[in-house]
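Data from coords-v2.tsv: TSV, C-alpha atoms and all ligand atoms
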chain	number	residue	atom	x	y	z
A	4	MET	CA	3.34	-29.23	-9.55
A	5	THR	CA	2.15	-28.41	-13.06
A	6	VAL	CA	4.68	-27.06	-15.49
A	7	ILE	CA	3.15	-25.31	-18.41
A	8	ASN	CA	4.99	-24.19	-21.49
A	9	PRO	CA	2.86	-21.19	-22.37
A	10	SER	CA	1.58	-20.28	-25.80
A	11	PRO	CA	3.54	-17.67	-27.77
A	12	GLU	CA	0.93	-15.02	-26.79
A	13	VAL	CA	1.44	-15.79	-23.10
A	14	ALA	CA	5.22	-15.70	-23.47
A	15	ASP	CA	4.77	-12.30	-25.12
A	16	VAL	CA	2.97	-10.98	-22.01
A	17	ILE	CA	5.98	-11.93	-19.87
A	18	LEU	CA	8.47	-10.50	-22.31
A	19	GLU	CA	6.49	-7.28	-22.64
A	20	ALA	CA	6.43	-6.88	-18.83
A	21	GLY	CA	10.12	-7.67	-18.48
A	22	GLY	CA	11.26	-5.83	-21.58
A	23	GLU	CA	14.89	-5.75	-22.66
A	24	ALA	CA	16.04	-5.74	-19.02
A	25	LEU	CA	14.60	-9.24	-18.50
A	26	LYS	CA	17.05	-10.57	-21.07
A	27	SER	CA	19.93	-8.92	-19.23
A	28	CYS	CA	19.28	-10.73	-15.92
A	29	TYR	CA	22.47	-12.68	-15.24
A	30	GLN	CA	21.12	-14.65	-12.27
A	31	CYS	CA	23.29	-12.90	-9.68
A	32	GLY	CA	20.69	-13.63	-6.98
A	33	LEU	CA	20.81	-10.19	-5.31
A	34	CYS	CA	17.01	-10.07	-5.64
A	35	THR	CA	16.68	-13.30	-3.67
A	36	ALA	CA	19.01	-11.96	-0.97
A	37	ALA	CA	16.92	-8.77	-0.65
A	38	CYS	CA	13.55	-10.51	-0.46
A	39	PRO	CA	12.02	-10.49	3.05
A	40	TRP	CA	10.48	-13.92	2.48
A	41	ASN	CA	13.92	-15.38	3.03
A	42	MET	CA	13.73	-14.23	6.65
A	43	VAL	CA	10.91	-16.71	7.20
A	44	ARG	CA	11.14	-19.37	4.45
A	45	SER	CA	12.93	-20.06	1.20
A	46	PHE	CA	11.83	-17.93	-1.74
A	47	LEU	CA	13.86	-17.76	-4.93
A	48	THR	CA	13.07	-14.53	-6.76
A	49	ARG	CA	16.00	-15.28	-9.06
A	50	ARG	CA	14.40	-18.60	-10.05
A	51	LEU	CA	11.09	-16.92	-10.94
A	52	ILE	CA	12.94	-14.48	-13.17
A	53	HIS	CA	14.79	-17.36	-14.80
A	54	GLN	CA	11.49	-19.15	-15.47
A	55	ALA	CA	10.13	-15.95	-17.01
A	56	GLN	CA	13.25	-15.64	-19.18
A	57	ILE	CA	12.84	-19.11	-20.65
A	58	GLY	CA	9.05	-18.83	-20.90
A	59	LEU	CA	8.11	-21.50	-18.37
A	60	VAL	CA	5.44	-20.86	-15.75
A	61	GLU	CA	4.61	-23.11	-12.83
A	62	LEU	CA	1.09	-21.94	-12.20
A	63	GLU	CA	0.40	-24.13	-9.24
A	64	ASP	CA	3.58	-22.95	-7.57
A	65	GLU	CA	2.66	-20.92	-4.48
A	66	ASP	CA	5.64	-18.61	-5.07
A	67	ILE	CA	4.08	-16.30	-7.65
A	68	TRP	CA	1.37	-15.39	-5.10
A	69	LEU	CA	3.79	-14.77	-2.23
A	70	CYS	CA	5.34	-11.55	-3.54
A	71	ALA	CA	4.20	-8.52	-1.53
A	72	THR	CA	5.51	-6.18	-4.29
A	73	CYS	CA	7.63	-4.49	-1.61
A	74	GLY	CA	10.23	-3.39	-4.15
A	75	ALA	CA	13.32	-4.44	-2.14
A	76	CYS	CA	14.50	-6.68	-5.00
A	77	VAL	CA	13.96	-4.01	-7.65
A	78	GLU	CA	15.98	-1.57	-5.54
A	79	ARG	CA	18.95	-3.98	-5.49
A	80	CYS	CA	18.89	-5.38	-9.02
A	81	PRO	CA	22.05	-4.22	-10.82
A	82	ARG	CA	20.44	-4.75	-14.25
A	83	GLY	CA	17.24	-2.76	-13.65
A	84	VAL	CA	14.95	-5.76	-14.14
A	85	GLU	CA	11.34	-4.77	-13.37
A	86	ILE	CA	10.80	-7.82	-11.17
A	87	ILE	CA	7.38	-6.74	-9.88
A	88	ASP	CA	6.04	-6.18	-13.41
A	89	ILE	CA	7.22	-9.68	-14.33
A	90	ILE	CA	5.57	-11.24	-11.27
A	91	ARG	CA	2.41	-9.28	-12.11
A	92	ALA	CA	2.50	-10.70	-15.64
A	93	LEU	CA	2.95	-14.23	-14.27
A	94	ARG	CA	-0.07	-13.68	-12.01
A	95	ARG	CA	-2.05	-12.35	-14.95
A	96	ILE	CA	-1.42	-15.60	-16.75
A	97	GLY	CA	-2.32	-17.44	-13.54
A	98	ALA	CA	-5.61	-15.50	-13.36
A	99	GLU	CA	-6.38	-16.31	-17.02
A	100	TRP	CA	-5.73	-20.00	-16.35
A	101	GLY	CA	-7.91	-19.97	-13.21
A	102	ALA	CA	-5.00	-20.60	-10.83
A	103	THR	CA	-5.69	-17.58	-8.58
A	104	PRO	CA	-5.90	-18.48	-4.84
A	105	LYS	CA	-9.47	-18.88	-3.57
A	106	THR	CA	-9.38	-15.93	-1.11
A	107	ILE	CA	-8.24	-13.63	-3.90
A	108	LYS	CA	-11.06	-14.83	-6.14
A	109	THR	CA	-13.57	-13.87	-3.40
A	110	VAL	CA	-12.03	-10.43	-2.92
A	111	MET	CA	-11.97	-9.82	-6.68
A	112	ALA	CA	-15.65	-10.80	-6.87
A	113	SER	CA	-16.41	-8.13	-4.22
A	114	LEU	CA	-14.43	-5.53	-6.15
A	115	ARG	CA	-16.41	-6.41	-9.25
A	116	THR	CA	-19.83	-6.24	-7.62
A	117	VAL	CA	-19.57	-3.59	-4.87
A	118	GLY	CA	-16.34	-1.73	-5.68
A	119	ASN	CA	-14.59	-2.60	-2.41
A	120	PRO	CA	-12.61	-5.64	-1.21
A	121	TRP	CA	-14.56	-5.97	2.04
A	122	GLY	CA	-17.77	-7.10	0.37
A	123	GLU	CA	-19.63	-4.23	2.04
A	124	ALA	CA	-22.58	-2.40	0.50
A	125	LYS	CA	-21.63	0.44	-1.82
A	126	GLU	CA	-24.27	2.69	-0.25
A	127	LYS	CA	-22.53	2.35	3.15
A	128	ARG	CA	-19.20	3.64	1.83
A	129	ALA	CA	-19.62	7.15	3.25
A	130	ASP	CA	-21.18	6.08	6.58
A	131	TRP	CA	-17.89	6.86	8.33
A	132	ALA	CA	-18.46	10.57	7.60
A	133	LYS	CA	-22.05	10.75	8.92
A	134	GLY	CA	-22.49	13.66	11.31
A	135	LEU	CA	-19.11	15.20	10.42
A	136	GLU	CA	-18.45	18.57	8.87
A	137	VAL	CA	-17.66	17.17	5.43
A	138	LYS	CA	-19.17	18.26	2.14
A	139	THR	CA	-19.40	16.39	-1.15
A	140	VAL	CA	-16.66	17.51	-3.50
A	141	ALA	CA	-17.84	19.80	-6.31
A	142	PRO	CA	-16.20	21.95	-9.01
A	143	GLY	CA	-14.29	24.69	-7.20
A	144	THR	CA	-13.54	22.61	-4.05
A	145	GLU	CA	-9.78	22.69	-3.67
A	146	PHE	CA	-9.13	19.08	-2.61
A	147	LEU	CA	-10.79	15.69	-2.74
A	148	TYR	CA	-10.06	13.58	0.37
A	149	PHE	CA	-10.01	9.91	-0.69
A	150	PRO	CA	-9.86	7.78	2.47
A	151	CYS	CA	-9.46	4.30	0.77
A	152	CYS	CA	-11.72	1.28	1.27
A	153	THR	CA	-10.07	0.20	4.52
A	154	PRO	CA	-10.74	3.36	6.60
A	155	ALA	CA	-14.19	3.55	4.96
A	156	TYR	CA	-15.27	0.11	6.25
A	157	ASP	CA	-12.89	-1.23	8.89
A	158	PRO	CA	-13.81	0.12	12.37
A	159	ARG	CA	-10.20	0.54	13.62
A	160	SER	CA	-8.99	2.18	10.40
A	161	ARG	CA	-12.05	4.42	10.36
A	162	ARG	CA	-10.50	6.35	13.25
A	163	VAL	CA	-7.75	7.41	10.81
A	164	ALA	CA	-10.29	8.95	8.41
A	165	LEU	CA	-12.01	10.69	11.33
A	166	ALA	CA	-8.69	12.09	12.60
A	167	THR	CA	-7.81	13.27	9.08
A	168	VAL	CA	-11.10	15.13	8.72
A	169	ALA	CA	-10.64	16.75	12.14
A	170	VAL	CA	-7.13	17.90	11.27
A	171	LEU	CA	-8.09	19.22	7.82
A	172	ASN	CA	-11.01	21.13	9.34
A	173	LYS	CA	-8.76	22.58	12.03
A	174	ALA	CA	-6.40	23.90	9.32
A	175	ARG	CA	-9.43	25.27	7.41
A	176	VAL	CA	-8.64	23.24	4.31
A	177	ASP	CA	-11.27	23.43	1.56
A	178	PHE	CA	-11.98	19.75	0.87
A	179	GLY	CA	-14.79	17.34	0.12
A	180	ILE	CA	-15.35	13.61	-0.31
A	181	LEU	CA	-16.93	11.62	-3.13
A	182	GLY	CA	-19.21	9.65	-0.82
A	183	ASN	CA	-20.83	6.54	-2.25
A	184	GLU	CA	-19.50	7.28	-5.72
A	185	GLU	CA	-16.01	6.26	-4.63
A	186	ASN	CA	-14.61	2.91	-5.81
A	187	CYS	CA	-11.50	1.05	-4.70
A	188	CYS	CA	-8.43	2.53	-6.45
A	189	GLY	CA	-7.87	-0.98	-7.87
A	190	GLU	CA	-4.31	-1.47	-6.69
A	191	SER	CA	-4.79	-5.00	-5.36
A	192	ALA	CA	-6.60	-6.05	-8.55
A	193	ARG	CA	-3.73	-4.94	-10.75
A	194	LYS	CA	-1.12	-6.53	-8.49
A	195	VAL	CA	-2.81	-9.94	-8.50
A	196	GLY	CA	-3.05	-9.89	-12.29
A	197	GLU	CA	-6.72	-8.85	-12.67
A	198	GLU	CA	-5.87	-6.17	-15.22
A	199	GLU	CA	-9.32	-5.73	-16.74
A	200	LEU	CA	-10.91	-5.32	-13.30
A	201	PHE	CA	-8.25	-2.76	-12.36
A	202	GLN	CA	-8.96	-0.78	-15.50
A	203	ASN	CA	-12.73	-0.84	-14.91
A	204	LEU	CA	-12.33	0.44	-11.34
A	205	ALA	CA	-9.81	3.07	-12.40
A	206	ARG	CA	-12.00	4.32	-15.28
A	207	ALA	CA	-15.04	4.59	-12.97
A	208	ASN	CA	-13.01	6.64	-10.47
A	209	ILE	CA	-11.48	8.86	-13.15
A	210	GLU	CA	-14.96	9.56	-14.52
A	211	SER	CA	-16.25	10.49	-11.03
A	212	PHE	CA	-13.21	12.68	-10.31
A	213	VAL	CA	-13.59	14.55	-13.59
A	214	SER	CA	-17.36	14.99	-13.26
A	215	HIS	CA	-16.87	16.49	-9.77
A	216	GLY	CA	-14.16	18.87	-11.02
A	217	VAL	CA	-11.41	17.19	-8.97
A	218	THR	CA	-7.85	18.34	-9.64
A	219	LYS	CA	-6.05	17.64	-6.33
A	220	ILE	CA	-6.45	14.50	-4.21
A	221	ILE	CA	-5.37	13.95	-0.61
A	222	VAL	CA	-5.00	10.25	0.26
A	223	SER	CA	-4.44	8.27	3.45
A	224	SER	CA	-3.14	5.17	1.70
A	225	PRO	CA	0.24	4.92	-0.04
A	226	HIS	CA	-1.37	2.31	-2.31
A	227	CYS	CA	-3.96	4.86	-3.52
A	228	TYR	CA	-1.12	7.41	-3.79
A	229	HIS	CA	0.96	5.16	-6.02
A	230	THR	CA	-2.00	4.09	-8.16
A	231	PHE	CA	-3.44	7.57	-8.72
A	232	LYS	CA	-0.04	9.14	-9.31
A	233	LYS	CA	1.71	6.51	-11.40
A	234	GLU	CA	-0.98	4.31	-12.93
A	235	TYR	CA	-4.07	6.48	-13.58
A	236	PRO	CA	-2.19	8.77	-16.03
A	237	GLY	CA	-1.84	5.74	-18.33
A	238	LEU	CA	-5.67	5.66	-18.48
A	239	GLY	CA	-6.05	9.40	-19.00
A	240	GLY	CA	-6.45	10.39	-15.31
A	241	ASN	CA	-4.05	13.20	-14.44
A	242	PHE	CA	-4.44	14.60	-10.94
A	243	GLU	CA	-2.18	16.16	-8.35
A	244	VAL	CA	-1.85	13.52	-5.63
A	245	ILE	CA	-0.73	14.30	-2.09
A	246	HIS	CA	-0.20	11.82	0.70
A	247	ILE	CA	-1.60	13.07	4.00
A	248	THR	CA	1.85	13.03	5.66
A	249	GLN	CA	3.17	15.40	2.95
A	250	PHE	CA	0.19	17.67	3.46
A	251	LEU	CA	0.51	17.64	7.25
A	252	ALA	CA	4.18	18.62	6.99
A	253	GLU	CA	3.21	21.50	4.69
A	254	LEU	CA	0.39	22.68	6.99
A	255	ILE	CA	2.59	22.56	10.08
A	256	GLU	CA	5.48	24.34	8.37
A	257	ALA	CA	3.12	27.05	7.07
A	258	GLY	CA	1.82	27.58	10.62
A	259	ARG	CA	-1.71	26.43	9.69
A	260	LEU	CA	-1.51	23.57	12.19
A	261	LYS	CA	0.24	23.97	15.50
A	262	PRO	CA	1.21	20.89	17.51
A	263	VAL	CA	1.03	22.45	20.98
A	264	LYS	CA	0.29	19.59	23.36
A	265	SER	CA	3.15	17.46	24.56
A	266	LEU	CA	3.31	13.75	23.70
A	267	GLU	CA	6.00	12.28	25.94
A	268	LYS	CA	6.49	9.04	24.03
A	269	ARG	CA	9.28	7.17	22.30
A	270	VAL	CA	8.06	6.68	18.74
A	271	VAL	CA	9.51	4.63	15.90
A	272	TYR	CA	8.35	5.33	12.34
A	273	HIS	CA	7.77	2.44	9.95
A	274	ASP	CA	8.33	3.38	6.27
A	275	PRO	CA	5.57	1.73	4.19
A	276	CYS	CA	6.91	0.26	0.92
A	277	TYR	CA	4.55	2.26	-1.29
A	278	LEU	CA	5.39	5.60	0.33
A	279	GLY	CA	9.10	4.96	0.79
A	280	ARG	CA	10.77	2.64	-1.70
A	281	HIS	CA	8.16	3.09	-4.43
A	282	ASN	CA	7.75	6.87	-4.13
A	283	GLY	CA	10.74	8.22	-2.20
A	284	ILE	CA	8.70	9.89	0.58
A	285	TYR	CA	10.84	9.44	3.68
A	286	GLU	CA	11.31	12.86	5.23
A	287	GLU	CA	7.85	14.43	5.49
A	288	PRO	CA	6.41	11.82	7.89
A	289	ARG	CA	9.50	12.24	10.09
A	290	ARG	CA	9.25	16.05	9.98
A	291	VAL	CA	5.63	15.82	11.18
A	292	LEU	CA	6.61	13.55	14.08
A	293	GLU	CA	9.57	15.77	15.00
A	294	SER	CA	7.26	18.78	15.22
A	295	ILE	CA	5.34	17.19	18.11
A	296	PRO	CA	6.53	18.53	21.48
A	297	GLY	CA	7.95	15.89	23.83
A	298	LEU	CA	8.00	13.12	21.21
A	299	GLU	CA	11.28	11.22	20.90
A	300	LEU	CA	11.72	9.81	17.38
A	301	VAL	CA	13.85	6.68	17.12
A	302	GLU	CA	14.71	4.57	14.05
A	303	PHE	CA	14.58	0.90	13.18
A	304	PRO	CA	17.98	-0.64	12.36
A	305	ASP	CA	16.60	-0.99	8.81
A	306	SER	CA	14.57	2.01	7.75
A	307	ARG	CA	13.95	4.19	4.69
A	308	GLU	CA	15.11	2.25	1.55
A	309	ASP	CA	15.85	-0.83	3.68
A	310	SER	CA	12.54	-0.85	5.56
A	311	LEU	CA	11.00	-4.27	6.17
A	312	CYS	CA	7.67	-4.76	4.40
A	313	CYS	CA	4.58	-5.30	6.63
A	314	GLY	CA	3.55	-8.06	4.23
A	315	GLY	CA	0.32	-6.46	2.97
A	316	GLY	CA	1.17	-5.22	-0.53
A	317	GLY	CA	0.60	-6.98	-3.85
A	318	GLY	CA	-2.77	-8.29	-2.69
A	319	ARG	CA	-1.12	-10.21	0.21
A	320	ILE	CA	-3.37	-8.37	2.68
A	321	TRP	CA	-6.23	-10.50	1.34
A	322	MET	CA	-4.34	-13.82	1.48
A	323	GLU	CA	-3.60	-16.11	4.39
A	324	THR	CA	-0.04	-15.96	5.72
A	325	ARG	CA	1.04	-18.88	7.85
A	326	LYS	CA	1.89	-18.29	11.51
A	327	GLY	CA	5.64	-17.88	11.85
A	328	GLU	CA	5.87	-16.38	8.36
A	329	ARG	CA	4.45	-12.90	9.00
A	330	PHE	CA	6.85	-9.99	8.40
A	331	SER	CA	4.64	-7.82	10.62
A	332	ASP	CA	5.40	-10.07	13.62
A	333	ILE	CA	9.11	-9.42	13.06
A	334	ARG	CA	8.57	-5.65	12.71
A	335	VAL	CA	6.57	-5.47	15.96
A	336	GLU	CA	9.38	-7.35	17.73
A	337	GLN	CA	11.95	-4.91	16.26
A	338	ALA	CA	9.88	-1.90	17.43
A	339	ILE	CA	9.84	-3.26	20.97
A	340	GLU	CA	13.60	-3.94	20.78
A	341	VAL	CA	14.35	-0.28	19.94
A	342	GLY	CA	12.37	0.68	23.04
A	343	ALA	CA	9.44	2.29	21.21
A	344	GLN	CA	6.12	2.78	22.99
A	345	VAL	CA	4.40	3.72	19.74
A	346	MET	CA	4.95	2.54	16.17
A	347	ALA	CA	3.84	5.41	13.91
A	348	ILE	CA	2.49	4.30	10.55
A	349	SER	CA	1.06	5.98	7.47
A	350	CYS	CA	-0.69	3.15	5.61
A	351	PRO	CA	-3.96	1.30	6.32
A	352	TYR	CA	-2.46	-2.12	5.47
A	353	CYS	CA	0.39	-1.56	7.94
A	354	LEU	CA	-2.18	-0.66	10.59
A	355	LEU	CA	-4.18	-3.86	10.01
A	356	ASN	CA	-1.11	-6.10	9.92
A	357	PHE	CA	0.68	-4.64	12.94
A	358	ASP	CA	-2.46	-4.53	15.08
A	359	ASP	CA	-3.08	-8.16	14.17
A	360	SER	CA	0.51	-9.08	15.07
A	361	LEU	CA	0.20	-7.39	18.48
A	362	LEU	CA	-2.92	-9.43	19.13
A	363	THR	CA	-1.72	-12.80	17.85
A	364	THR	CA	1.73	-12.62	19.46
A	365	ASP	CA	0.36	-11.44	22.83
A	366	LYS	CA	2.16	-8.10	22.73
A	367	GLU	CA	-0.83	-5.84	23.34
A	368	GLY	CA	0.12	-3.38	26.05
A	369	LEU	CA	3.79	-3.38	24.98
A	370	LEU	CA	3.33	-1.21	21.89
A	371	GLU	CA	0.68	1.01	20.32
A	372	ILE	CA	0.19	1.31	16.56
A	373	ARG	CA	-0.93	4.82	15.59
A	374	ASP	CA	-1.39	6.53	12.27
A	375	ILE	CA	0.45	9.86	12.01
A	376	SER	CA	-2.88	11.67	11.41
A	377	GLU	CA	-4.17	10.33	14.74
A	378	LEU	CA	-1.05	11.54	16.57
A	379	VAL	CA	-1.35	15.00	15.03
A	380	LYS	CA	-5.03	15.22	15.93
A	381	GLU	CA	-4.13	14.52	19.55
A	382	VAL	CA	-1.66	17.40	19.86
A	383	ILE	CA	-3.30	20.31	18.05
B	1	LIG	S1	19.05	-9.08	-9.04
B	1	LIG	FE1	18.43	-8.64	-11.19
B	1	LIG	S2	20.09	-9.45	-12.45
B	1	LIG	FE2	20.34	-10.37	-10.40
B	1	LIG	S3	19.16	-12.32	-10.51
B	1	LIG	FE3	17.75	-10.81	-9.74
B	1	LIG	S4	16.68	-10.02	-11.57
B	1	LIG	FE4	18.54	-11.06	-12.28
B	2	LIG	S1	8.91	-7.32	-4.42
B	2	LIG	FE1	9.53	-7.83	-2.31
B	2	LIG	S2	8.36	-9.69	-1.79
B	2	LIG	FE2	8.30	-9.45	-4.04
B	2	LIG	S3	10.01	-10.69	-4.80
B	2	LIG	FE3	10.74	-8.58	-4.60
B	2	LIG	S4	11.67	-8.49	-2.54
B	2	LIG	FE4	10.38	-10.35	-2.61
For this file, write the structure as C-alpha cells.
Ligand code: SF4
Ligand code: SF4
Amino acid sequence: MTVINPSPEVADVILEAGGEALKSCYQCGLCTAACPWNMVRSFLTRRLIHQAQIGLVELEDEDIWLCATCGACVERCPRGVEIIDIIRALRRIGAEWGATPKTIKTVMASLRTVGNPWGEAKEKRADWAKGLEVKTVAPGTEFLYFPCCTPAYDPRSRRVALATVAVLNKARVDFGILGNEENCCGESARKVGEEELFQNLARANIESFVSHGVTKIIVSSPHCYHTFKKEYPGLGGNFEVIHITQFLAELIEAGRLKPVKSLEKRVVYHDPCYLGRHNGIYEEPRRVLESIPGLELVEFPDSREDSLCCGGGGGRIWMETRKGERFSDIRVEQAIEVGAQVMAISCPYCLLNFDDSLLTTDKEGLLEIRDISELVKEVI
C-alpha cells in the first residue's frame, strides 16, 4: 500500500471539498455504521475522512473506489460533513496520479471519444426511437425527453424509453428528443474524479439544449435528474428538470392518463439513492403505483431515507463487484422476503443491477424487475 503525503495544492483540493465541516468531524463513526458496504465487508468511512483531515491519501487503497455515493453516511453525519464531496476529491487526486481502476479508465475513454460509457457509436444513439412517433426537439417544443445512455444503448433498458414515449404520446405531451446530439450527462465522470471530462460533457449538452430552445427536461434516470438540476446550474445551464415518475403522477392526477386495466400483483418499490436520499422524491413514484387498479403496494423494511443502495452509483456500475459483495443481491432477497412478485424501480442502474442479481443468484421466475413507466404503459 502506497502512502502519499500530498503536495499543498492537493491538500487544498481535499480541504476545499470538505470545507469547514471537514475540520469539525469528531470521528464518531456514524458514517461507517450507515455505510452499506459494512453489510458485506469492512469499510471505514470514518477512516477515509480522518485521512482527508490530516492530508494523507492512500491512492492504492481500494476503499476510495468502493463508495457508491449513496448518501446514507451524509444523511447520518451529525456535523454535516460532505463525505461524498471529499471522496470525490480523493478520487480526483487518484485520477491525476493515474491510480484510477482499469475498467473506469476504459469507460472514461469511451465518454471522451463517443460521449457514452458503452463505447457505442454516437450516430447510433437515437436508433432506439426509429419508427416511433418522436420528433427532434426544437424551439417551441414544450419538453425535451432525455432517456440517458443506458436506455439508448442497452436492449433491456431500451424498453423503458419505448414505454416512456408510448405513455407521453398517449397523454398528448408535446415533447421531442435530441437524437444523436445527446451526450452522457457526465455524472459518472464527475463521481470518479474526472472533473474536466464532466465539464466538457456538461458544456456540450448545455450548448445543445440552448440551441434547441430547451427549457424543460423529462428524464428517466435519477442520475441525469440530479446532474441537470444540481450540477449544470454551476456551469450556466438552468433548466426545469422533471423525473418521469413526477410527471406520471401529475398526468394521472390531472386525468390525462388513466390507469384502467387491472394489475393483480404484489409490488414493492425500491427508492433509488439519487431520487430519494439525494433529491427527496419519495411520494410521487408511490402515488403512481397506487393509482394502478388491483396493484398491492408493499414496502421494504428499510425504505425511503433508509433505502439500501443498488450499488450502481458513483461510477460503481462500471466497476467489478465481487460475488457475495453485491448490495443488489441483498435487495432482491429482501423483495422476495416481503412477498413481492414485482420490484418496481425508477432508475436504469437499478434495473441493470437487479436484473443481473436475479440471473446470477438463480432467482429468475421468483421476481420481476419493472420500471414504473413500463407498468403504467401496461395499464393505460
Ligand atoms: S459521521 Fe460525520 S462527524 Fe461522525 S465520523 Fe463520520 S464524517 Fe465524522
Ligand atoms: S456514500 Fe454510501 S457507499 Fe459511500 S461512504 Fe457513504 S454510505 Fe458508504
Quiz item: What separation in Å, quoted to one decimal, exists between atom CA of Ala343 of chain A and atom CA of Tyr272 of chain A?
Solution: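 Taking atom CA of Ala343 of chain A and atom CA of Tyr272 of chain A, their separation equals 9.4 Å.
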Practice problem: Mind giving me the straight-line distance from atom CA of Met346 of chain A to atom CA of Arg373 of chain A in Å, one decimal? | Solution: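 So the two atoms, atom CA of Met346 of chain A and atom CA of Arg373 of chain A, lie 6.3 Å apart.
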Quiz item: Can you list, as a PyMOL selection string, every protein, DNA or RNA residue that comes within 10 Å of segment 279-284 of chain A when you count all atoms listed in the file, leaving out same-chain residues fewer than 3 positions away?
Solution: chain A and resi 72-75+77-78+225-226+228-229+232-233+246+248-249+273-276+287-289+306-310
Hey, can I get the axis-aligned box for ligand LIG 2 (chain B)? All listed atoms, 8 Å padding on each side, centre and edge lengths in Å to one decimal, as AutoDock Vina command-line options.
--center_x 10.0 --center_y -9.0 --center_z -3.3 --size_x 19.4 --size_y 19.4 --size_z 19.0
Closest-contact table, chain A side, partner ligand LIG 2 (chain B), 7 Å, counting all atoms listed in the file, as a tab-separated table:
residue	atom	partner	partner_atom	distance
A:Cys34	CA	B:LIG2	S4	6.4
A:Ala37	CA	B:LIG2	S4	5.6
A:Cys38	CA	B:LIG2	S4	3.5
A:Pro39	CA	B:LIG2	FE4	5.9
A:Trp40	CA	B:LIG2	FE4	6.2
A:Thr48	CA	B:LIG2	S3	5.3
A:Leu69	CA	B:LIG2	S2	6.8
A:Cys70	CA	B:LIG2	FE2	3.7
A:Ala71	CA	B:LIG2	S2	4.3
A:Thr72	CA	B:LIG2	S1	3.6
A:Cys73	CA	B:LIG2	FE1	3.9
A:Gly74	CA	B:LIG2	S1	4.2
A:Ala75	CA	B:LIG2	S4	4.4
A:Cys76	CA	B:LIG2	S4	4.2
A:Val77	CA	B:LIG2	FE3	6.4
A:Ile86	CA	B:LIG2	FE3	6.6
A:Ile87	CA	B:LIG2	S1	5.7
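Considering only C-alpha atoms and all ligand atoms, the residue among A:Leu361, A:Leu147, A:Leu33, A:Ala124 positioned nearest to ligand LIG 1 (chain B) is A:Leu33.
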Would you give me, as a Markdown table, each residue of chain A having an atom within 8 Å of an atom of ligand LIG 1 (chain B), along with its shortest atom pair and that distance in Å to one decimal, using all atoms listed in the file and sorting by chain and residue number?
| residue | atom | partner | partner_atom | distance |
| --- | --- | --- | --- | --- |
| A:Leu25 | CA | B:LIG1 | S4 | 7.3 |
| A:Ser27 | CA | B:LIG1 | S2 | 6.8 |
| A:Cys28 | CA | B:LIG1 | FE4 | 3.7 |
| A:Tyr29 | CA | B:LIG1 | S2 | 4.9 |
| A:Gln30 | CA | B:LIG1 | S3 | 3.5 |
| A:Cys31 | CA | B:LIG1 | FE2 | 4.0 |
| A:Gly32 | CA | B:LIG1 | S3 | 4.1 |
| A:Leu33 | CA | B:LIG1 | S1 | 4.3 |
| A:Cys34 | CA | B:LIG1 | S1 | 4.1 |
| A:Thr35 | CA | B:LIG1 | FE3 | 6.6 |
| A:Thr48 | CA | B:LIG1 | FE3 | 6.7 |
| A:Arg49 | CA | B:LIG1 | S3 | 4.6 |
| A:Arg50 | CA | B:LIG1 | S3 | 7.9 |
| A:Ile52 | CA | B:LIG1 | S4 | 6.0 |
| A:His53 | CA | B:LIG1 | FE4 | 7.8 |
| A:Cys76 | CA | B:LIG1 | S1 | 6.5 |
| A:Val77 | CA | B:LIG1 | S1 | 7.3 |
| A:Arg79 | CA | B:LIG1 | S1 | 6.2 |
| A:Cys80 | CA | B:LIG1 | S1 | 3.7 |
| A:Pro81 | CA | B:LIG1 | FE1 | 5.7 |
| A:Arg82 | CA | B:LIG1 | S2 | 5.0 |
| A:Gly83 | CA | B:LIG1 | FE1 | 6.5 |
| A:Val84 | CA | B:LIG1 | S4 | 5.3 |
| A:Glu85 | CA | B:LIG1 | S4 | 7.7 |
| A:Ile86 | CA | B:LIG1 | S4 | 6.3 |
Self-check item: All residues 8 Å or closer to segment 115-118 of chain A, all atoms listed in the file, same chain fewer than 3 positions away omitted, as an MDAnalysis selection string
Solution: chainID A and resid 111:112 122:125 186:187 200 204
Quiz item: Nearest to Phe330 of chain A: which of A:Gly342, A:Asn41, A:Asn203, A:Glu184 is it, counting all atoms listed in the file?
Solution: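 Comparing A:Gly342, A:Asn41, A:Asn203, A:Glu184 against Phe330 of chain A, the winner is A:Asn41.
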Quiz item: Rounded to one decimal in Å, what is the spacing between atom CA of Lys127 of chain A and atom CA of Ala155 of chain A?
Solution: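 These atoms are spaced 8.6 Å apart.
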So which residues touch Val291 of chain A within 12 Å, counting only C-alpha atoms, skipping near sequence neighbours fewer than 4 positions away, as a short mmCIF file (atom, residue, chain, number, x, y, z; two decimals) with C-alpha atoms, keeping the file's coordinate frame?
data_model
loop_
_atom_site.label_atom_id
_atom_site.label_comp_id
_atom_site.auth_asym_id
_atom_site.auth_seq_id
_atom_site.Cartn_x
_atom_site.Cartn_y
_atom_site.Cartn_z
CA ILE A 247 -1.60 13.07 4.00
CA THR A 248 1.85 13.03 5.66
CA GLN A 249 3.17 15.40 2.95
CA PHE A 250 0.19 17.67 3.46
CA LEU A 251 0.51 17.64 7.25
CA ALA A 252 4.18 18.62 6.99
CA GLU A 253 3.21 21.50 4.69
CA LEU A 254 0.39 22.68 6.99
CA ILE A 255 2.59 22.56 10.08
CA GLU A 256 5.48 24.34 8.37
CA LEU A 260 -1.51 23.57 12.19
CA LYS A 261 0.24 23.97 15.50
CA PRO A 262 1.21 20.89 17.51
CA TYR A 272 8.35 5.33 12.34
CA TYR A 285 10.84 9.44 3.68
CA GLU A 286 11.31 12.86 5.23
CA GLU A 287 7.85 14.43 5.49
CA ILE A 295 5.34 17.19 18.11
CA PRO A 296 6.53 18.53 21.48
CA LEU A 298 8.00 13.12 21.21
CA LEU A 300 11.72 9.81 17.38
CA ALA A 347 3.84 5.41 13.91
CA ILE A 348 2.49 4.30 10.55
CA SER A 349 1.06 5.98 7.47
CA ASP A 374 -1.39 6.53 12.27
CA ILE A 375 0.45 9.86 12.01
CA SER A 376 -2.88 11.67 11.41
CA GLU A 377 -4.17 10.33 14.74
CA LEU A 378 -1.05 11.54 16.57
CA VAL A 379 -1.35 15.00 15.03
CA LYS A 380 -5.03 15.22 15.93
CA VAL A 382 -1.66 17.40 19.86
#
Could you make a table, as a Markdown table, of the residues of segment 188-261 of chain A that have an atom within 9 Å of an atom of segment 135-143 of chain A, each with its nearest atom pair and distance in Å to one decimal, counting only C-alpha atoms, in chain and number order?
| residue | atom | partner | partner_atom | distance |
| --- | --- | --- | --- | --- |
| A:Ser214 | CA | A:Pro142 | CA | 8.2 |
| A:His215 | CA | A:Ala141 | CA | 4.9 |
| A:Gly216 | CA | A:Pro142 | CA | 4.2 |
| A:Val217 | CA | A:Pro142 | CA | 6.8 |
